[in-house]
Structures are given as structure tokens and as C-alpha cells.
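What follows is a set of notes on a single structure, which appears directly below.
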Amino acid sequence: MPVAIRSAALNDVSAILAIEQQAPGAAHWTFEEYNKLVGSGVVLVAEEAGKLRGFICAKAVAGEWEIENVAVAAEFLRRGIADELVRELIRRAESEAASAILLEVRESNLPARGLYEKHGFREVGRRRVYYRDPVEDAILYALRFER
Ligand SMILES: CC(C)(COP(=O)(O)OP(=O)(O)OC[C@H]1O[C@@H](n2cnc3c(N)ncnc32)[C@H](O)[C@@H]1OP(=O)(O)O)[C@@H](O)C(=O)NCCC(=O)NCCS
């Protein structure tokens, strides 16, 4: 069955949270924070056979979008689902005339870094000792749109 990418609705938040809580590299947010982002930001979900397989969320501030989180359910990794989510987020940012998409990621998170690099994001900096538990640097990535 093909995976469909669509905007999240408020009644998707429980399933989003369930995926996020099982994804070790994901940022961890509360139910209320996701609820708020569904209303004020961009939250896309990947759905297959009526079930959510993954999600991506971003905030847009003055034309710069920032990816806040992306996660795919453990049983469905390496099937191109995150590829589809990132591709659709980029398409939407371009269609809304964003100037760039930014994000930060743990240095050791090679799956996520590979994902972003595959979609044209470039390393633009580092925040030393940015994460806790375990302590680690953040690598900053940007995808800038030429206009
Ligand atoms: C990162 C994550 C979202 C990728 O999801 P996925 O659906 O398995 O990724 P895809 O199958 O779409 O793969 C897309 C690309 O990502 C990269 N990638 C994904 N998993 C990888 C892995 N285990 N090792 C190296 N690169 C990987 C590859 O570049 C891959 O392209 P390829 O298949 O052509 O090699 C998933 O591993 C995840 O949920 N991780 C936990 C949460 C997390 O760390 N989120 C990032 C927060 S910043």
C-alpha cells in the first residue's frame, strides 16, 4: 500500500506522540506542544493503511523554516518514508516562498544527517555541548532557496 503524506489534524497527535516516544534520536515534546504546532506550524504525517508511520514538524519564522522533529516508527524504517516527508516539507516551503529551511541535529545521529544531506542540506555550523544526556554537539544544517 502506498504511503500518503498529508497535513496533520488534531486527532493525529496521540499517534504522533506514540511514534516520537519510541524514536531514540527524536526531540521529545508534550501532547500540548504538538497540539499547538498542528495549529500554528507545519506538521506532516505519513499514512499507510489508515495508520501513521511517521511525521515531520517545522516552525516558520519570518520566511525561515526550522525543522523541529522528524521520526518514523521503528518497524517501518529504511523504506523511504522520511524521504517522502522531507521532500513534501521542502515542496511546501518553496511554494510558500521560504528563504531557507534550518535545523540542528546531534552529531552522532548519522541516519538523520544522511537524510538531510541527501535532500541538499549543507552543514553551516556547530553548537558545542548543546545536548544533554548524553552531552553532545549540535550540527547545524541549512537548505537555502535561490530566488
Ligand atoms: C532519521 C529517520 C527519520 C529516517 O527515517 P527512514 O524512513 O528510515 O529514512 P528513509 O528510509 O526515508 O531514508 C532516507 C535517507 O536517510 C538516510 N538514512 C536513513 N536511515 C539511515 C541509517 N540507518 N544509516 C544511514 N543513513 C540513513 C539515508 O541517506 C537514506 O537514503 P538512502 O535510503 O537512499 O540511503 C529515522 O531513522 C528515525 O526516525 N530516527 C529516530 C528519530 C530521529 O533521530 N530524528 C531526527 C531528529 S533531528
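Note on naming: chains are A, B, ... as they come in the C-alpha cells, residues start from 1 per chain, ligands start from 1 in the order shown.
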
Can you list every residue of chain A that has an atom at most 9 Å from ligand 1, with its nearest atom pair and the distance in Å to one decimal, using only C-alpha atoms and all ligand atoms, ordered by chain then number, as a tab-separated table?
```
residue	atom	partner	partner_atom_place_in_ligand_line	distance
A:Ile19	CA	ligand 1	39 (O)	8.3
A:Glu20	CA	ligand 1	42 (C)	7.3
A:Gln22	CA	ligand 1	41 (C)	8.2
A:Ala23	CA	ligand 1	41 (C)	4.5
A:Pro24	CA	ligand 1	41 (C)	5.5
A:Gly25	CA	ligand 1	44 (O)	3.3
A:Ala26	CA	ligand 1	42 (C)	3.9
A:Ala27	CA	ligand 1	47 (C)	6.1
A:Arg53	CA	ligand 1	7 (O)	8.7
A:Gly54	CA	ligand 1	39 (O)	7.5
A:Phe55	CA	ligand 1	3 (C)	8.3
A:Ile56	CA	ligand 1	3 (C)	8.4
A:Ile67	CA	ligand 1	48 (S)	7.8
A:Glu68	CA	ligand 1	48 (S)	7.1
A:Asn69	CA	ligand 1	47 (C)	5.1
A:Val70	CA	ligand 1	45 (N)	4.8
A:Ala71	CA	ligand 1	39 (O)	3.3
A:Val72	CA	ligand 1	39 (O)	3.9
A:Ala73	CA	ligand 1	39 (O)	6.4
A:Ala74	CA	ligand 1	39 (O)	7.0
A:Phe76	CA	ligand 1	7 (O)	6.7
A:Leu77	CA	ligand 1	8 (O)	3.4
A:Arg78	CA	ligand 1	11 (O)	3.1
A:Arg79	CA	ligand 1	11 (O)	4.2
A:Gly80	CA	ligand 1	12 (O)	3.1
A:Ile81	CA	ligand 1	7 (O)	4.0
A:Ala82	CA	ligand 1	12 (O)	3.7
A:Asp83	CA	ligand 1	12 (O)	3.8
A:Glu84	CA	ligand 1	12 (O)	6.6
A:Leu85	CA	ligand 1	12 (O)	8.0
A:Val86	CA	ligand 1	12 (O)	8.4
A:Leu103	CA	ligand 1	48 (S)	7.4
A:Glu104	CA	ligand 1	48 (S)	6.5
A:Val105	CA	ligand 1	48 (S)	4.6
A:Arg106	CA	ligand 1	48 (S)	7.1
A:Asn109	CA	ligand 1	44 (O)	6.2
A:Leu110	CA	ligand 1	25 (C)	5.5
A:Pro111	CA	ligand 1	27 (C)	3.6
A:Ala112	CA	ligand 1	1 (C)	3.8
A:Arg113	CA	ligand 1	17 (C)	7.1
A:Gly114	CA	ligand 1	29 (O)	4.0
A:Leu115	CA	ligand 1	16 (O)	3.3
A:Tyr116	CA	ligand 1	16 (O)	7.1
A:Glu117	CA	ligand 1	29 (O)	7.1
A:Lys118	CA	ligand 1	29 (O)	5.5
A:His119	CA	ligand 1	15 (C)	8.5
```

Based on the selection just made, write N, CA and C atoms of those residues as a short mmCIF file (atom, residue, chain, number, x, y, z; two decimals), in the first residue's frame.
```
data_model
loop_
_atom_site.label_atom_id
_atom_site.label_comp_id
_atom_site.auth_asym_id
_atom_site.auth_seq_id
_atom_site.Cartn_x
_atom_site.Cartn_y
_atom_site.Cartn_z
N ILE A 19 4.78 7.53 18.18
CA ILE A 19 5.95 7.30 17.31
C ILE A 19 7.17 8.02 17.90
N GLU A 20 6.98 9.25 18.28
CA GLU A 20 8.09 10.06 18.83
C GLU A 20 8.70 9.41 20.07
N GLN A 22 8.99 6.41 20.87
CA GLN A 22 9.78 5.20 20.60
C GLN A 22 10.97 5.48 19.71
N ALA A 23 11.18 6.74 19.33
CA ALA A 23 12.28 7.08 18.43
C ALA A 23 13.40 7.71 19.25
N PRO A 24 14.49 6.97 19.47
CA PRO A 24 15.52 7.43 20.40
C PRO A 24 16.16 8.77 20.02
N GLY A 25 16.33 9.03 18.73
CA GLY A 25 17.02 10.27 18.34
C GLY A 25 16.11 11.47 18.23
N ALA A 26 14.81 11.27 18.41
CA ALA A 26 13.87 12.38 18.20
C ALA A 26 13.89 13.34 19.38
N ALA A 27 13.48 14.58 19.13
CA ALA A 27 13.24 15.51 20.23
C ALA A 27 11.97 15.07 20.93
N ARG A 53 2.74 6.27 10.09
CA ARG A 53 4.05 5.61 10.09
C ARG A 53 5.17 6.58 10.49
N GLY A 54 4.93 7.88 10.32
CA GLY A 54 5.97 8.85 10.65
C GLY A 54 5.42 10.26 10.55
N PHE A 55 6.24 11.22 10.98
CA PHE A 55 5.82 12.62 10.91
C PHE A 55 7.06 13.52 10.82
N ILE A 56 6.80 14.74 10.41
CA ILE A 56 7.84 15.79 10.44
C ILE A 56 7.15 17.07 10.86
N ILE A 67 13.08 22.88 10.95
CA ILE A 67 12.58 21.53 11.25
C ILE A 67 12.81 21.26 12.73
N GLU A 68 11.73 20.92 13.42
CA GLU A 68 11.80 20.69 14.87
C GLU A 68 11.97 19.22 15.20
N ASN A 69 11.42 18.36 14.34
CA ASN A 69 11.45 16.94 14.65
C ASN A 69 11.05 16.14 13.41
N VAL A 70 11.59 14.96 13.32
CA VAL A 70 11.16 14.01 12.28
C VAL A 70 11.37 12.62 12.86
N ALA A 71 10.42 11.75 12.68
CA ALA A 71 10.58 10.38 13.19
C ALA A 71 9.69 9.43 12.40
N VAL A 72 10.19 8.21 12.26
CA VAL A 72 9.45 7.14 11.58
C VAL A 72 9.37 5.97 12.56
N ALA A 73 8.23 5.30 12.58
CA ALA A 73 8.04 4.17 13.51
C ALA A 73 9.08 3.09 13.22
N ALA A 74 9.58 2.46 14.28
CA ALA A 74 10.73 1.54 14.19
C ALA A 74 10.51 0.43 13.16
N PHE A 76 9.09 0.50 10.44
CA PHE A 76 8.96 0.96 9.05
C PHE A 76 10.15 1.78 8.58
N LEU A 77 11.27 1.65 9.32
CA LEU A 77 12.48 2.38 8.93
C LEU A 77 13.04 1.85 7.61
N ARG A 78 13.80 2.69 6.95
CA ARG A 78 14.54 2.33 5.71
C ARG A 78 13.61 1.90 4.58
N ARG A 79 12.42 2.52 4.55
CA ARG A 79 11.50 2.25 3.43
C ARG A 79 11.21 3.52 2.65
N GLY A 80 12.00 4.57 2.90
CA GLY A 80 11.81 5.80 2.14
C GLY A 80 10.73 6.72 2.69
N ILE A 81 10.23 6.44 3.92
CA ILE A 81 9.14 7.26 4.45
C ILE A 81 9.64 8.66 4.84
N ALA A 82 10.80 8.73 5.51
CA ALA A 82 11.34 10.05 5.85
C ALA A 82 11.68 10.84 4.59
N ASP A 83 12.18 10.14 3.57
CA ASP A 83 12.43 10.79 2.27
C ASP A 83 11.18 11.52 1.78
N GLU A 84 10.05 10.81 1.83
CA GLU A 84 8.79 11.41 1.34
C GLU A 84 8.39 12.60 2.19
N LEU A 85 8.58 12.48 3.51
CA LEU A 85 8.20 13.58 4.41
C LEU A 85 9.06 14.82 4.15
N VAL A 86 10.38 14.60 4.03
CA VAL A 86 11.27 15.75 3.81
C VAL A 86 10.99 16.39 2.44
N LEU A 103 17.94 23.52 10.59
CA LEU A 103 17.72 22.52 11.64
C LEU A 103 19.01 22.26 12.38
N GLU A 104 18.88 21.63 13.53
CA GLU A 104 20.06 21.17 14.27
C GLU A 104 19.85 19.71 14.65
N VAL A 105 20.95 18.99 14.71
CA VAL A 105 20.86 17.55 14.95
C VAL A 105 22.08 17.12 15.75
N ARG A 106 21.90 16.08 16.57
CA ARG A 106 23.05 15.54 17.30
C ARG A 106 24.12 15.08 16.32
N ASN A 109 23.98 11.47 15.17
CA ASN A 109 22.76 10.95 14.55
C ASN A 109 22.96 10.81 13.03
N LEU A 110 23.68 9.75 12.67
CA LEU A 110 24.05 9.59 11.26
C LEU A 110 22.85 9.31 10.35
N PRO A 111 21.82 8.55 10.80
CA PRO A 111 20.65 8.39 9.92
C PRO A 111 20.02 9.74 9.55
N ALA A 112 19.82 10.60 10.55
CA ALA A 112 19.18 11.89 10.27
C ALA A 112 20.10 12.77 9.42
N ARG A 113 21.39 12.77 9.72
CA ARG A 113 22.31 13.60 8.94
C ARG A 113 22.36 13.13 7.48
N GLY A 114 22.33 11.79 7.31
CA GLY A 114 22.31 11.25 5.94
C GLY A 114 21.05 11.67 5.21
N LEU A 115 19.94 11.64 5.92
CA LEU A 115 18.65 12.05 5.34
C LEU A 115 18.71 13.50 4.86
N TYR A 116 19.17 14.39 5.73
CA TYR A 116 19.19 15.82 5.36
C TYR A 116 20.18 16.08 4.23
N GLU A 117 21.34 15.45 4.32
CA GLU A 117 22.35 15.69 3.27
C GLU A 117 21.85 15.19 1.92
N LYS A 118 21.12 14.07 1.94
CA LYS A 118 20.57 13.55 0.68
C LYS A 118 19.63 14.56 0.02
N HIS A 119 18.96 15.38 0.86
CA HIS A 119 18.00 16.35 0.32
C HIS A 119 18.61 17.73 0.13
#
```

Checklist entry - Using only C-alpha atoms, which residues sit within 10 Å of segment 5-12 of chain A once same-chain residues fewer than 4 positions away are excluded, as a PyMOL selection string? => result chain A and resi 16-17+34-39+42-48+51-52+54-57+81+84-85+87-89

Next on the checklist: From the options A:Val13, A:Met1, A:Ile90, A:Ala62, which residue's atoms come nearest to Gly50 of chain A, counting only C-alpha atoms?
Outcome noted: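 Counting only C-alpha atoms, the residue closest to Gly50 of chain A is A:Met1.
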
Item to check | helix (DSSP H, G or I) per DSSP on the backbone: members of segment 17-61 of chain A, as a ChimeraX atom specification | outcome: /A:17-21,31-40

Next, write the just-selected residues to a file, as a short mmCIF file (atom, residue, chain, number, x, y, z; two decimals), in the first residue's frame, keeping all heavy atoms as the atom set.
```
data_model
loop_
_atom_site.label_atom_id
_atom_site.label_comp_id
_atom_site.auth_asym_id
_atom_site.auth_seq_id
_atom_site.Cartn_x
_atom_site.Cartn_y
_atom_site.Cartn_z
N LEU A 17 2.71 11.28 18.95
CA LEU A 17 3.43 11.16 20.23
C LEU A 17 3.91 9.72 20.44
O LEU A 17 5.03 9.50 20.92
CB LEU A 17 2.50 11.60 21.35
CG LEU A 17 3.12 12.08 22.63
CD1 LEU A 17 4.06 13.25 22.39
CD2 LEU A 17 2.02 12.51 23.61
N ALA A 18 3.09 8.75 20.07
CA ALA A 18 3.49 7.34 20.24
C ALA A 18 4.72 7.03 19.40
O ALA A 18 5.64 6.34 19.86
CB ALA A 18 2.32 6.43 19.86
N ILE A 19 4.78 7.53 18.18
CA ILE A 19 5.95 7.30 17.31
C ILE A 19 7.17 8.02 17.90
O ILE A 19 8.25 7.45 18.02
CB ILE A 19 5.67 7.79 15.87
CG1 ILE A 19 4.61 6.92 15.22
CG2 ILE A 19 6.96 7.81 15.04
CD1 ILE A 19 4.09 7.44 13.88
N GLU A 20 6.98 9.25 18.28
CA GLU A 20 8.09 10.06 18.83
C GLU A 20 8.70 9.41 20.07
O GLU A 20 9.92 9.36 20.23
CB GLU A 20 7.55 11.46 19.14
CG GLU A 20 8.59 12.44 19.57
CD GLU A 20 8.36 12.92 20.98
OE1 GLU A 20 8.61 12.16 21.93
OE2 GLU A 20 7.95 14.08 21.12
N GLN A 21 7.84 8.87 20.95
CA GLN A 21 8.34 8.33 22.21
C GLN A 21 9.16 7.06 22.02
O GLN A 21 9.94 6.68 22.87
CB GLN A 21 7.17 8.10 23.18
CG GLN A 21 6.70 9.43 23.74
CD GLN A 21 5.41 9.33 24.53
OE1 GLN A 21 4.73 8.31 24.50
NE2 GLN A 21 5.06 10.41 25.22
N PHE A 31 2.21 16.44 24.59
CA PHE A 31 0.97 16.42 23.82
C PHE A 31 0.53 17.85 23.49
O PHE A 31 0.16 18.17 22.36
CB PHE A 31 -0.09 15.70 24.67
CG PHE A 31 -1.37 15.43 23.97
CD1 PHE A 31 -1.53 14.28 23.20
CD2 PHE A 31 -2.44 16.31 24.08
CE1 PHE A 31 -2.72 14.02 22.55
CE2 PHE A 31 -3.64 16.05 23.43
CZ PHE A 31 -3.78 14.90 22.66
N GLU A 32 0.59 18.73 24.49
CA GLU A 32 0.14 20.12 24.29
C GLU A 32 1.02 20.84 23.28
O GLU A 32 0.53 21.63 22.46
CB GLU A 32 0.17 20.90 25.62
CG GLU A 32 -0.90 20.49 26.62
CD GLU A 32 -0.70 19.08 27.19
OE1 GLU A 32 0.48 18.66 27.35
OE2 GLU A 32 -1.71 18.40 27.43
N GLU A 33 2.33 20.58 23.33
CA GLU A 33 3.23 21.24 22.37
C GLU A 33 2.91 20.81 20.93
O GLU A 33 2.91 21.64 20.02
CB GLU A 33 4.69 20.93 22.73
CG GLU A 33 5.15 21.70 23.95
CD GLU A 33 6.50 21.24 24.49
OE1 GLU A 33 6.81 20.02 24.48
OE2 GLU A 33 7.26 22.10 24.96
N TYR A 34 2.62 19.52 20.75
CA TYR A 34 2.24 19.07 19.39
C TYR A 34 0.91 19.67 18.98
O TYR A 34 0.74 20.09 17.83
CB TYR A 34 2.19 17.54 19.30
CG TYR A 34 3.56 16.94 19.16
CD1 TYR A 34 4.13 16.20 20.19
CD2 TYR A 34 4.31 17.11 18.00
CE1 TYR A 34 5.40 15.66 20.07
CE2 TYR A 34 5.58 16.57 17.87
CZ TYR A 34 6.12 15.86 18.91
OH TYR A 34 7.38 15.33 18.78
N ASN A 35 -0.03 19.69 19.90
CA ASN A 35 -1.33 20.29 19.58
C ASN A 35 -1.16 21.71 19.07
O ASN A 35 -1.77 22.11 18.09
CB ASN A 35 -2.19 20.36 20.86
CG ASN A 35 -3.18 19.23 20.90
OD1 ASN A 35 -3.51 18.65 19.88
ND2 ASN A 35 -3.64 18.91 22.09
N LYS A 36 -0.30 22.46 19.77
CA LYS A 36 -0.08 23.86 19.40
C LYS A 36 0.56 23.95 18.02
O LYS A 36 0.17 24.77 17.19
CB LYS A 36 0.84 24.49 20.46
CG LYS A 36 0.71 25.97 20.55
CD LYS A 36 1.39 26.47 21.79
CE LYS A 36 1.85 27.89 21.56
NZ LYS A 36 2.89 28.29 22.48
N LEU A 37 1.52 23.07 17.75
CA LEU A 37 2.23 23.13 16.48
C LEU A 37 1.32 22.73 15.31
O LEU A 37 1.46 23.27 14.21
CB LEU A 37 3.46 22.21 16.52
CG LEU A 37 4.53 22.52 15.49
CD1 LEU A 37 5.06 23.94 15.66
CD2 LEU A 37 5.68 21.54 15.62
N VAL A 38 0.39 21.82 15.55
CA VAL A 38 -0.55 21.46 14.48
C VAL A 38 -1.36 22.70 14.09
O VAL A 38 -1.66 22.92 12.91
CB VAL A 38 -1.49 20.30 14.93
CG1 VAL A 38 -2.66 20.13 13.97
CG2 VAL A 38 -0.70 19.00 15.02
N GLY A 39 -1.64 23.55 15.07
CA GLY A 39 -2.40 24.77 14.79
C GLY A 39 -1.55 25.88 14.20
O GLY A 39 -2.00 26.62 13.31
N SER A 40 -0.30 26.01 14.66
CA SER A 40 0.46 27.22 14.30
C SER A 40 1.65 26.95 13.38
O SER A 40 2.22 27.87 12.81
CB SER A 40 0.99 27.88 15.57
OG SER A 40 1.92 27.01 16.18
#
```

Next on the checklist: Could you go through chain A and tell me which residues DSSP, when run on the backbone, assigns to strand (DSSP E or B), listing them as JSON, numbers by chain?
Outcome noted: {"A": [4, 5, 6, 7, 42, 43, 44, 45, 46, 47, 48, 51, 52, 53, 54, 55, 56, 57, 58, 59, 60, 61, 64, 65, 66, 67, 68, 69, 70, 71, 72, 100, 101, 102, 103, 104, 105, 106, 122, 123, 124, 125, 126, 127, 128, 129, 130, 131, 136, 137, 138, 139, 140, 141, 142, 143, 144]}

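Of note, atom CA of Glu107 of chain A and atom CA of Phe121 of chain A are spaced 14.7 Å apart.
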
Checklist entry - So how far away is atom CA of Ala98 of chain A from atom CA of Tyr130 of chain A, in Å? => result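 Pair atom CA of Tyr130 of chain A / atom CA of Ala98 of chain A returns 26.4 Å.
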
Next on the checklist: Please compute the atom CA of Val124 of chain A-atom CA of Ala142 of chain A distance, one decimal, in Å.
Outcome noted: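 Here the two named atoms are 6.5 Å from each other.
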
Checklist entry - Which one of A:Val135, A:Ala49, A:Arg128, A:Ala97 sits closest to Pro2 of chain A if you count only C-alpha atoms? => result A:Ala49
